[in-house]
$ cat entry.pdb   # PDB, C-alpha atoms
ATOM      1  CA  ASP A   1       0.000   0.000   0.000
ATOM      2  CA  GLU A   2       2.978   2.309  -0.502
ATOM      3  CA  PRO A   3       1.257   4.565  -3.100
ATOM      4  CA  ASN A   4      -1.450   5.438  -0.604
ATOM      5  CA  LYS A   5       1.007   5.912   2.265
ATOM      6  CA  VAL A   6       3.290   8.156   0.196
ATOM      7  CA  ALA A   7       0.346  10.219  -1.036
ATOM      8  CA  GLU A   8      -1.110  10.610   2.453
ATOM      9  CA  ALA A   9       2.248  11.659   3.915
ATOM     10  CA  VAL A  10       2.998  14.201   1.193
ATOM     11  CA  THR A  11      -0.512  15.648   1.342
ATOM     12  CA  SER A  12      -0.348  15.968   5.128
ATOM     13  CA  TRP A  13       2.792  18.108   4.814
ATOM     14  CA  GLY A  14       0.863  20.761   2.922
ATOM     15  CA  LEU A  15       3.304  20.855   0.013
ATOM     16  CA  ASP A  16       2.331  22.471  -3.272
ATOM     17  CA  TYR A  17       5.182  20.901  -5.304
ATOM     18  CA  VAL A  18       6.675  17.448  -4.947
ATOM     19  CA  VAL A  19       9.319  15.509  -6.890
ATOM     20  CA  LEU A  20       8.995  11.728  -7.036
ATOM     21  CA  THR A  21      11.948   9.572  -8.020
ATOM     22  CA  SER A  22      13.282   6.069  -7.509
ATOM     23  CA  VAL A  23      16.185   3.770  -8.122
ATOM     24  CA  ASP A  24      16.069   1.737 -11.342
ATOM     25  CA  ARG A  25      13.792  -1.272 -10.905
ATOM     26  CA  ASP A  26      14.826  -3.410 -13.853
ATOM     27  CA  ASP A  27      14.026  -6.413 -11.650
ATOM     28  CA  LEU A  28      10.304  -5.709 -11.969
ATOM     29  CA  GLU A  29       8.289  -6.616 -15.039
ATOM     30  CA  ASP A  30       7.093  -3.017 -15.477
ATOM     31  CA  GLN A  31      10.338  -1.520 -14.091
ATOM     32  CA  GLY A  32       8.337   0.452 -11.532
ATOM     33  CA  ALA A  33       6.207   2.393 -14.043
ATOM     34  CA  GLY A  34       2.966   1.178 -12.505
ATOM     35  CA  HIS A  35       4.159   2.250  -9.078
ATOM     36  CA  PHE A  36       4.946   5.762 -10.332
ATOM     37  CA  ARG A  37       1.515   5.921 -11.916
ATOM     38  CA  ARG A  38      -0.376   4.821  -8.806
ATOM     39  CA  VAL A  39       1.493   7.242  -6.529
ATOM     40  CA  VAL A  40       0.830  10.176  -8.866
ATOM     41  CA  GLN A  41      -2.842   9.308  -9.238
ATOM     42  CA  ARG A  42      -3.341   8.927  -5.500
ATOM     43  CA  LEU A  43      -1.511  12.201  -4.842
ATOM     44  CA  LYS A  44      -3.782  14.003  -7.260
ATOM     45  CA  GLU A  45      -6.883  12.437  -5.693
ATOM     46  CA  LEU A  46      -5.944  13.398  -2.153
ATOM     47  CA  SER A  47      -4.680  16.882  -2.978
ATOM     48  CA  SER A  48      -7.784  17.855  -4.919
ATOM     49  CA  GLY A  49      -9.698  18.267  -1.641
ATOM     50  CA  SER A  50     -13.199  16.927  -1.155
ATOM     51  CA  GLY A  51     -14.126  18.066   2.354
ATOM     52  CA  ASP A  52     -16.111  21.120   3.435
ATOM     53  CA  ASP A  53     -13.651  22.356   6.046
ATOM     54  CA  ASP A  54     -12.219  25.815   5.541
ATOM     55  CA  ASP A  55      -9.056  25.199   7.503
ATOM     56  CA  GLU A  56      -5.648  26.011   6.077
ATOM     57  CA  MET A  57      -4.854  22.419   5.122
ATOM     58  CA  ASN A  58      -8.050  21.967   3.141
ATOM     59  CA  ASN A  59      -7.454  25.247   1.324
ATOM     60  CA  LYS A  60      -4.021  23.975   0.285
ATOM     61  CA  LYS A  61      -5.540  20.716  -0.888
ATOM     62  CA  LYS A  62      -8.097  22.516  -3.029
ATOM     63  CA  LYS A  63      -5.306  24.229  -4.953
ATOM     64  CA  GLY A  64      -3.937  20.813  -5.893
ATOM     65  CA  ILE A  65      -0.358  19.634  -5.654
ATOM     66  CA  ILE A  66       2.009  19.913  -8.609
ATOM     67  CA  VAL A  67       3.753  16.599  -9.231
ATOM     68  CA  GLU A  68       7.097  16.089 -10.965
ATOM     69  CA  ALA A  69       8.395  12.585 -11.644
ATOM     70  CA  LEU A  70      12.122  12.083 -12.212
ATOM     71  CA  THR A  71      12.233   8.742 -13.973
ATOM     72  CA  PRO A  72      14.668   6.224 -15.457
ATOM     73  CA  ASP A  73      14.415   5.487 -19.174
ATOM     74  CA  PHE A  74      12.544   2.196 -18.580
ATOM     75  CA  CYS A  75      15.048   0.597 -20.987
ATOM     76  CA  GLY A  76      13.361   2.439 -23.816
ATOM     77  CA  GLU A  77      10.061   0.566 -23.423
ATOM     78  CA  LEU A  78       7.685   3.304 -24.505
ATOM     79  CA  ASP A  79       4.521   1.661 -23.214
ATOM     80  CA  LEU A  80       6.005   2.005 -19.723
ATOM     81  CA  VAL A  81       6.886   5.652 -20.388
ATOM     82  CA  THR A  82       3.268   6.167 -21.448
ATOM     83  CA  GLN A  83       2.012   4.784 -18.123
ATOM     84  CA  VAL A  84       3.851   7.506 -16.239
ATOM     85  CA  ALA A  85       3.313  10.294 -18.762
ATOM     86  CA  THR A  86      -0.475   9.827 -18.691
ATOM     87  CA  SER A  87      -0.755   9.381 -14.920
ATOM     88  CA  GLY A  88      -1.819  12.972 -14.287
ATOM     89  CA  LEU A  89       1.613  14.332 -13.411
ATOM     90  CA  ASP A  90       2.594  17.891 -14.341
ATOM     91  CA  VAL A  91       6.341  17.633 -15.017
ATOM     92  CA  TYR A  92       8.071  14.612 -16.542
ATOM     93  CA  ALA A  93      11.826  14.670 -15.869
ATOM     94  CA  HIS A  94      14.404  12.319 -17.317
ATOM     95  CA  ASN A  95      18.085  13.226 -17.311
ATOM     96  CA  ILE A  96      20.184  12.905 -20.435
ATOM     97  CA  GLU A  97      23.226  13.618 -18.204
ATOM     98  CA  THR A  98      25.868  14.447 -20.834
ATOM     99  CA  VAL A  99      26.613  14.886 -24.538
ATOM    100  CA  GLU A 100      26.366  11.947 -26.924
ATOM    101  CA  ARG A 101      30.121  11.317 -27.267
ATOM    102  CA  LEU A 102      30.615  10.936 -23.523
ATOM    103  CA  THR A 103      27.469   8.915 -22.823
ATOM    104  CA  PRO A 104      29.108   5.454 -23.016
ATOM    105  CA  ARG A 105      31.697   6.490 -20.415
ATOM    106  CA  VAL A 106      29.374   8.416 -18.119
ATOM    107  CA  ARG A 107      26.142   6.423 -18.064
ATOM    108  CA  ASP A 108      25.180   2.795 -17.472
ATOM    109  CA  ARG A 109      25.743   0.654 -20.564
ATOM    110  CA  ARG A 110      21.991  -0.049 -20.730
ATOM    111  CA  ALA A 111      21.241   3.657 -21.062
ATOM    112  CA  GLY A 112      21.718   5.598 -24.261
ATOM    113  CA  TYR A 113      21.721   9.164 -25.510
ATOM    114  CA  GLN A 114      19.286   8.530 -28.351
ATOM    115  CA  GLN A 115      17.160   6.355 -26.072
ATOM    116  CA  SER A 116      16.777   9.232 -23.625
ATOM    117  CA  LEU A 117      15.832  11.612 -26.435
ATOM    118  CA  THR A 118      13.221   9.120 -27.612
ATOM    119  CA  VAL A 119      11.775   8.827 -24.106
ATOM    120  CA  LEU A 120      11.478  12.608 -23.718
ATOM    121  CA  GLY A 121       9.958  13.019 -27.156
ATOM    122  CA  HIS A 122       7.462  10.210 -26.567
ATOM    123  CA  VAL A 123       6.177  11.904 -23.422
ATOM    124  CA  LYS A 124       5.005  14.887 -25.458
ATOM    125  CA  LEU A 125       3.432  12.626 -28.088
ATOM    126  CA  VAL A 126       1.173  10.930 -25.538
ATOM    127  CA  ASN A 127       0.621  13.980 -23.309
ATOM    128  CA  PRO A 128       1.205  17.355 -25.001
ATOM    129  CA  ASN A 129       0.166  19.203 -21.830
ATOM    130  CA  VAL A 130       2.952  17.890 -19.604
ATOM    131  CA  LEU A 131       6.187  19.833 -19.169
ATOM    132  CA  THR A 132       9.341  17.866 -19.982
ATOM    133  CA  LYS A 133      12.621  18.472 -18.217
ATOM    134  CA  THR A 134      16.189  17.175 -18.354
ATOM    135  CA  SER A 135      19.584  17.822 -16.786
ATOM    136  CA  ILE A 136      23.132  17.994 -18.111
ATOM    137  CA  MET A 137      26.356  17.774 -16.079
ATOM    138  CA  LEU A 138      29.226  19.987 -17.223
ATOM    139  CA  GLY A 139      32.932  19.519 -16.593
ATOM    140  CA  LEU A 140      33.334  16.026 -18.059
ATOM    141  CA  GLY A 141      35.288  17.143 -21.105
ATOM    142  CA  GLU A 142      32.407  18.136 -23.365
ATOM    143  CA  THR A 143      32.943  20.930 -25.915
ATOM    144  CA  ASP A 144      30.777  24.006 -26.331
ATOM    145  CA  GLU A 145      29.644  22.795 -29.724
ATOM    146  CA  GLU A 146      28.606  19.442 -28.263
ATOM    147  CA  ILE A 147      26.534  21.227 -25.620
ATOM    148  CA  ARG A 148      24.842  23.288 -28.315
ATOM    149  CA  THR A 149      24.133  20.167 -30.365
ATOM    150  CA  THR A 150      22.594  18.512 -27.317
ATOM    151  CA  MET A 151      20.404  21.534 -26.625
ATOM    152  CA  GLN A 152      19.203  21.600 -30.216
ATOM    153  CA  GLU A 153      18.379  17.904 -30.180
ATOM    154  CA  LEU A 154      16.490  18.327 -26.910
ATOM    155  CA  ARG A 155      14.452  21.142 -28.432
ATOM    156  CA  ASP A 156      13.858  19.003 -31.530
ATOM    157  CA  HIS A 157      12.195  16.554 -29.135
ATOM    158  CA  ASP A 158      10.134  19.385 -27.595
ATOM    159  CA  VAL A 159      11.871  19.404 -24.199
ATOM    160  CA  ASP A 160      10.742  22.458 -22.212
ATOM    161  CA  VAL A 161      13.222  22.785 -19.356
ATOM    162  CA  VAL A 162      16.945  22.101 -19.043
ATOM    163  CA  THR A 163      19.285  22.428 -16.071
ATOM    164  CA  PHE A 164      23.082  22.648 -16.067
ATOM    165  CA  GLY A 165      25.217  21.695 -13.073
ATOM    166  CA  GLN A 166      28.849  20.993 -12.283
ATOM    167  CA  TYR A 167      29.973  17.357 -12.402
ATOM    168  CA  LEU A 168      31.671  16.307  -9.157
ATOM    169  CA  GLN A 169      33.615  13.053  -8.881
ATOM    170  CA  PRO A 170      31.747  10.841  -6.367
ATOM    171  CA  SER A 171      34.711   8.523  -5.761
ATOM    172  CA  ARG A 172      38.097   7.583  -7.173
ATOM    173  CA  ARG A 173      36.390   4.870  -9.225
ATOM    174  CA  HIS A 174      34.416   7.474 -11.130
ATOM    175  CA  LEU A 175      35.529   9.730 -13.953
ATOM    176  CA  PRO A 176      37.702  12.660 -12.879
ATOM    177  CA  VAL A 177      36.547  16.244 -13.258
ATOM    178  CA  LYS A 178      38.018  17.677 -16.445
ATOM    179  CA  GLU A 179      36.950  21.278 -15.812
ATOM    180  CA  TYR A 180      35.395  23.394 -13.103
ATOM    181  CA  VAL A 181      33.042  25.626 -15.047
ATOM    182  CA  THR A 182      32.873  29.218 -13.839
ATOM    183  CA  PRO A 183      29.614  30.782 -12.605
ATOM    184  CA  GLU A 184      29.926  33.279 -15.449
ATOM    185  CA  LYS A 185      30.002  30.477 -18.017
ATOM    186  CA  PHE A 186      26.995  28.814 -16.415
ATOM    187  CA  GLU A 187      25.130  32.106 -16.748
ATOM    188  CA  GLU A 188      26.092  32.291 -20.414
ATOM    189  CA  TRP A 189      24.621  28.827 -20.936
ATOM    190  CA  ARG A 190      21.390  29.868 -19.194
ATOM    191  CA  ILE A 191      20.986  32.865 -21.468
ATOM    192  CA  GLU A 192      21.780  30.850 -24.575
ATOM    193  CA  ALA A 193      19.391  28.048 -23.606
ATOM    194  CA  GLU A 194      16.474  30.389 -23.055
ATOM    195  CA  GLU A 195      17.079  33.096 -25.649
ATOM    196  CA  GLN A 196      18.657  31.205 -28.542
ATOM    197  CA  PHE A 197      17.309  27.680 -28.195
ATOM    198  CA  GLY A 198      13.897  28.558 -26.798
ATOM    199  CA  PHE A 199      13.759  26.527 -23.605
ATOM    200  CA  LYS A 200      10.938  27.781 -21.409
ATOM    201  CA  TYR A 201      13.267  27.766 -18.419
ATOM    202  CA  CYS A 202      16.898  26.970 -17.636
ATOM    203  CA  ALA A 203      18.507  26.689 -14.201
ATOM    204  CA  SER A 204      22.286  26.839 -14.567
ATOM    205  CA  GLY A 205      24.990  26.985 -11.916
ATOM    206  CA  PRO A 206      27.744  24.977 -10.232
ATOM    207  CA  LEU A 207      25.447  23.615  -7.506
ATOM    208  CA  VAL A 208      22.336  23.155  -9.641
ATOM    209  CA  ARG A 209      20.925  19.647  -9.765
ATOM    210  CA  SER A 210      17.991  18.229 -11.736
ATOM    211  CA  SER A 211      15.416  18.909  -9.010
ATOM    212  CA  TYR A 212      16.403  22.444  -8.224
ATOM    213  CA  LYS A 213      14.374  24.601  -5.844
ATOM    214  CA  ALA A 214      15.019  27.812  -7.743
ATOM    215  CA  GLY A 215      13.144  26.342 -10.681
ATOM    216  CA  GLU A 216      10.111  25.189  -8.764
ATOM    217  CA  PHE A 217       8.542  28.643  -8.441
ATOM    218  CA  PHE A 218       8.835  29.179 -12.182
ATOM    219  CA  LEU A 219       7.584  25.692 -13.009
ATOM    220  CA  LYS A 220       4.598  26.098 -10.697
ATOM    221  CA  ASN A 221       3.571  29.215 -12.576
ATOM    222  CA  MET A 222       4.070  27.460 -15.928
ATOM    223  CA  VAL A 223       1.947  24.488 -14.888
ATOM    224  CA  ARG A 224      -0.874  26.677 -13.596
ATOM    225  CA  GLU A 225      -0.798  28.877 -16.678
ATOM    226  CA  LYS A 226      -1.086  25.808 -18.944
ATOM    227  CA  LYS A 227      -4.013  24.592 -16.824
ATOM    228  CA  ARG A 228      -5.798  27.961 -17.156
ATOM    229  CA  GLU A 229      -5.294  27.840 -20.932
ATOM    230  CA  ARG A 230      -6.852  24.365 -21.139
ATOM    231  CA  GLU A 231      -9.812  25.430 -19.019
ATOM    232  CA  ALA A 232     -10.436  28.672 -20.928
TER     233      ALA A 232
END
$ encode --input "entry.pdb" --output "structure tokens"
Amino acid sequence: DEPNKVAEAVTSWGLDYVVLTSVDRDDLEDQGAGHFRRVVQRLKELSSGSGDDDDEMNNKKKKGIIVEALTPDFCGELDLVTQVATSGLDVYAHNIETVERLTPRVRDRRAGYQQSLTVLGHVKLVNPNVLTKTSIMLGLGETDEEIRTTMQELRDHDVDVVTFGQYLQPSRRHLPVKEYVTPEKFEEWRIEAEEQFGFKYCASGPLVRSSYKAGEFFLKNMVREKKREREA
């Protein structure tokens, strides 16, 4: 009964934005897609508010909670991606992590650059109203031109939001840092992503990670604006 327990806990906290994620569950037949779907659906049910009380908690519930799911690529099985994308969530996040050339060295051998692009593009095909989001680590040896190519390919797959953060070596067994990108350069990437490539939002900085608080305020406004447009 974890979906119900998670939904009840999150709703009781009075949050208006929550990010759901998980470890890869390749051991399960549906790789955890059904679990994502049930948690999102239960969250939406509970946060919609059905009581008559006018207390602060019920008022928060009536506004509804915005749900972001940060997912694996489900090994490229698009029917599983569809389960999550059509669950009622607001933001579908899947991280491409790095440029195509470095992907085999940076990511698990079962993951793939083109596979991640396909996943992100498929989300918009089955649910045009959801916002799609991805994250790229810098400092692994990528070139500026490779970053620009990645941004263009993300936009070609209708990705809305991108974040840039500094790669940090977790242990000696992992790839070393090739470059510490300056805050000024991160700002240049933010401007280029938004103004030249047309991303709706870009969070970019040395300490930025995929689920970044500074972006939540902006994303909340984007989600609510899209909802008003659909209801108009």
$ resolve_selection --input "entry.pdb" --expression "the PyMOL selection byres ((chain A and resi 19) around 8)" --output "PyMOL selection string"
chain A and resi 17-18+20-21+67-70+211
$ resolve_selection --input "entry.pdb" --expression "the PyMOL selection byres ((chain A and resi 7) around 10)" --output "short mmCIF file (atom, residue, chain, number, x, y, z; two decimals) with C-alpha atoms, keeping the file's coordinate frame"
data_model
loop_
_atom_site.label_atom_id
_atom_site.label_comp_id
_atom_site.auth_asym_id
_atom_site.auth_seq_id
_atom_site.Cartn_x
_atom_site.Cartn_y
_atom_site.Cartn_z
CA GLU A 2 2.98 2.31 -0.50
CA PRO A 3 1.26 4.57 -3.10
CA ASN A 4 -1.45 5.44 -0.60
CA LYS A 5 1.01 5.91 2.26
CA VAL A 6 3.29 8.16 0.20
CA GLU A 8 -1.11 10.61 2.45
CA ALA A 9 2.25 11.66 3.92
CA VAL A 10 3.00 14.20 1.19
CA THR A 11 -0.51 15.65 1.34
CA SER A 12 -0.35 15.97 5.13
CA ARG A 38 -0.38 4.82 -8.81
CA VAL A 39 1.49 7.24 -6.53
CA VAL A 40 0.83 10.18 -8.87
CA GLN A 41 -2.84 9.31 -9.24
CA ARG A 42 -3.34 8.93 -5.50
CA LEU A 43 -1.51 12.20 -4.84
CA LYS A 44 -3.78 14.00 -7.26
CA GLU A 45 -6.88 12.44 -5.69
CA LEU A 46 -5.94 13.40 -2.15
CA SER A 47 -4.68 16.88 -2.98
#
$ closest_residue --input "entry.pdb" --among "A:Tyr113, A:Asp73, A:Pro206, A:Leu89" --to "Tyr180 in chain A" --atoms "all atoms listed in the file"
A:Pro206
$ residues_around --input "entry.pdb" --residues "Lys178 in chain A" --least-positions-apart "4" --cutoff "6 Å" --atoms "only C-alpha atoms" --output "list in words"
Gly139, Leu140 and Gly141 of chain A
$ write_last_selection --input "entry.pdb" --atoms "C-alpha atoms" --output "PDB file, in the coordinates of the input"
ATOM      1  CA  GLY A 139      32.932  19.519 -16.593  1.00  0.00           C
ATOM      2  CA  LEU A 140      33.334  16.026 -18.059  1.00  0.00           C
ATOM      3  CA  GLY A 141      35.288  17.143 -21.105  1.00  0.00           C
TER       4      GLY A 141
END
$ resolve_selection --input "entry.pdb" --expression "the PyMOL selection byres ((chain A and resi 117-123) around 8)" --output "PyMOL selection string"
chain A and resi 73+76+78+81-82+85+92+94+96+113-116+124-128+130+132+153-154+157-159
$ residues_around --input "entry.pdb" --residues "range 25-37 of chain A" --least-positions-apart "6" --cutoff "7 Å" --atoms "only C-alpha atoms" --output "PyMOL selection string"
chain A and resi 74+80+83-84+87
$ residues_near_point --input "entry.pdb" --point "(24.5, 12.7, -25.2)" --cutoff "12 Å" --atoms "all atoms listed in the file" --output "PyMOL selection string"
chain A and resi 95-107+111-117+134-138+140+142-143+146-154
$ axis_aligned_box --input "entry.pdb" --around "range 173-184 of chain A" --padding-each-side "8 Å" --output "lines of an AutoDock Vina configuration file"
center_x = 33.8
center_y = 19.1
center_z = -12.8
size_x = 24.4
size_y = 44.4
size_z = 23.2
$ build_atoms --input "entry.pdb" --residues "range 135-161 of chain A" --atoms "N, CA and C atoms" --output "PDB file, keeping the file's coordinate frame"
ATOM      1  N   SER A 135      18.432  17.217 -17.444  1.00  0.00           N
ATOM      2  CA  SER A 135      19.584  17.822 -16.786  1.00  0.00           C
ATOM      3  C   SER A 135      20.871  17.363 -17.458  1.00  0.00           C
ATOM      4  N   ILE A 136      21.837  18.279 -17.512  1.00  0.00           N
ATOM      5  CA  ILE A 136      23.132  17.994 -18.111  1.00  0.00           C
ATOM      6  C   ILE A 136      24.231  18.385 -17.120  1.00  0.00           C
ATOM      7  N   MET A 137      25.188  17.481 -16.910  1.00  0.00           N
ATOM      8  CA  MET A 137      26.356  17.774 -16.079  1.00  0.00           C
ATOM      9  C   MET A 137      27.469  18.339 -16.959  1.00  0.00           C
ATOM     10  N   LEU A 138      28.107  19.395 -16.496  1.00  0.00           N
ATOM     11  CA  LEU A 138      29.226  19.987 -17.223  1.00  0.00           C
ATOM     12  C   LEU A 138      30.532  19.733 -16.466  1.00  0.00           C
ATOM     13  N   GLY A 139      31.627  19.735 -17.201  1.00  0.00           N
ATOM     14  CA  GLY A 139      32.932  19.519 -16.593  1.00  0.00           C
ATOM     15  C   GLY A 139      33.497  18.136 -16.825  1.00  0.00           C
ATOM     16  N   LEU A 140      32.889  17.386 -17.760  1.00  0.00           N
ATOM     17  CA  LEU A 140      33.334  16.026 -18.059  1.00  0.00           C
ATOM     18  C   LEU A 140      34.239  15.957 -19.289  1.00  0.00           C
ATOM     19  N   GLY A 141      34.461  17.118 -19.906  1.00  0.00           N
ATOM     20  CA  GLY A 141      35.288  17.143 -21.105  1.00  0.00           C
ATOM     21  C   GLY A 141      34.517  17.436 -22.371  1.00  0.00           C
ATOM     22  N   GLU A 142      33.233  17.798 -22.224  1.00  0.00           N
ATOM     23  CA  GLU A 142      32.407  18.136 -23.365  1.00  0.00           C
ATOM     24  C   GLU A 142      32.856  19.476 -23.975  1.00  0.00           C
ATOM     25  N   THR A 143      32.620  19.664 -25.262  1.00  0.00           N
ATOM     26  CA  THR A 143      32.943  20.930 -25.915  1.00  0.00           C
ATOM     27  C   THR A 143      31.694  21.811 -25.981  1.00  0.00           C
ATOM     28  N   ASP A 144      31.909  23.093 -26.204  1.00  0.00           N
ATOM     29  CA  ASP A 144      30.777  24.006 -26.331  1.00  0.00           C
ATOM     30  C   ASP A 144      29.862  23.593 -27.472  1.00  0.00           C
ATOM     31  N   GLU A 145      30.455  23.174 -28.567  1.00  0.00           N
ATOM     32  CA  GLU A 145      29.644  22.795 -29.724  1.00  0.00           C
ATOM     33  C   GLU A 145      28.814  21.552 -29.423  1.00  0.00           C
ATOM     34  N   GLU A 146      29.373  20.624 -28.646  1.00  0.00           N
ATOM     35  CA  GLU A 146      28.606  19.442 -28.263  1.00  0.00           C
ATOM     36  C   GLU A 146      27.429  19.813 -27.357  1.00  0.00           C
ATOM     37  N   ILE A 147      27.633  20.771 -26.482  1.00  0.00           N
ATOM     38  CA  ILE A 147      26.534  21.227 -25.620  1.00  0.00           C
ATOM     39  C   ILE A 147      25.437  21.849 -26.473  1.00  0.00           C
ATOM     40  N   ARG A 148      25.840  22.653 -27.443  1.00  0.00           N
ATOM     41  CA  ARG A 148      24.842  23.288 -28.315  1.00  0.00           C
ATOM     42  C   ARG A 148      24.089  22.239 -29.143  1.00  0.00           C
ATOM     43  N   THR A 149      24.786  21.238 -29.619  1.00  0.00           N
ATOM     44  CA  THR A 149      24.133  20.167 -30.365  1.00  0.00           C
ATOM     45  C   THR A 149      23.120  19.441 -29.490  1.00  0.00           C
ATOM     46  N   THR A 150      23.500  19.181 -28.248  1.00  0.00           N
ATOM     47  CA  THR A 150      22.594  18.512 -27.317  1.00  0.00           C
ATOM     48  C   THR A 150      21.358  19.364 -27.060  1.00  0.00           C
ATOM     49  N   MET A 151      21.558  20.655 -26.848  1.00  0.00           N
ATOM     50  CA  MET A 151      20.404  21.534 -26.625  1.00  0.00           C
ATOM     51  C   MET A 151      19.476  21.539 -27.831  1.00  0.00           C
ATOM     52  N   GLN A 152      20.046  21.592 -29.024  1.00  0.00           N
ATOM     53  CA  GLN A 152      19.203  21.600 -30.216  1.00  0.00           C
ATOM     54  C   GLN A 152      18.427  20.302 -30.357  1.00  0.00           C
ATOM     55  N   GLU A 153      19.071  19.183 -30.071  1.00  0.00           N
ATOM     56  CA  GLU A 153      18.379  17.904 -30.180  1.00  0.00           C
ATOM     57  C   GLU A 153      17.292  17.764 -29.108  1.00  0.00           C
ATOM     58  N   LEU A 154      17.527  18.320 -27.939  1.00  0.00           N
ATOM     59  CA  LEU A 154      16.490  18.327 -26.910  1.00  0.00           C
ATOM     60  C   LEU A 154      15.291  19.156 -27.359  1.00  0.00           C
ATOM     61  N   ARG A 155      15.555  20.313 -27.952  1.00  0.00           N
ATOM     62  CA  ARG A 155      14.452  21.142 -28.432  1.00  0.00           C
ATOM     63  C   ARG A 155      13.733  20.467 -29.597  1.00  0.00           C
ATOM     64  N   ASP A 156      14.490  19.741 -30.431  1.00  0.00           N
ATOM     65  CA  ASP A 156      13.858  19.003 -31.530  1.00  0.00           C
ATOM     66  C   ASP A 156      12.882  17.963 -31.005  1.00  0.00           C
ATOM     67  N   HIS A 157      13.093  17.514 -29.775  1.00  0.00           N
ATOM     68  CA  HIS A 157      12.195  16.554 -29.135  1.00  0.00           C
ATOM     69  C   HIS A 157      11.238  17.260 -28.159  1.00  0.00           C
ATOM     70  N   ASP A 158      11.123  18.572 -28.318  1.00  0.00           N
ATOM     71  CA  ASP A 158      10.134  19.385 -27.595  1.00  0.00           C
ATOM     72  C   ASP A 158      10.338  19.393 -26.080  1.00  0.00           C
ATOM     73  N   VAL A 159      11.581  19.303 -25.636  1.00  0.00           N
ATOM     74  CA  VAL A 159      11.871  19.404 -24.199  1.00  0.00           C
ATOM     75  C   VAL A 159      11.751  20.864 -23.771  1.00  0.00           C
ATOM     76  N   ASP A 160      11.060  21.097 -22.653  1.00  0.00           N
ATOM     77  CA  ASP A 160      10.742  22.458 -22.212  1.00  0.00           C
ATOM     78  C   ASP A 160      11.791  23.084 -21.310  1.00  0.00           C
ATOM     79  N   VAL A 161      12.362  22.262 -20.423  1.00  0.00           N
ATOM     80  CA  VAL A 161      13.222  22.785 -19.356  1.00  0.00           C
ATOM     81  C   VAL A 161      14.532  22.016 -19.323  1.00  0.00           C
TER      82      VAL A 161
END
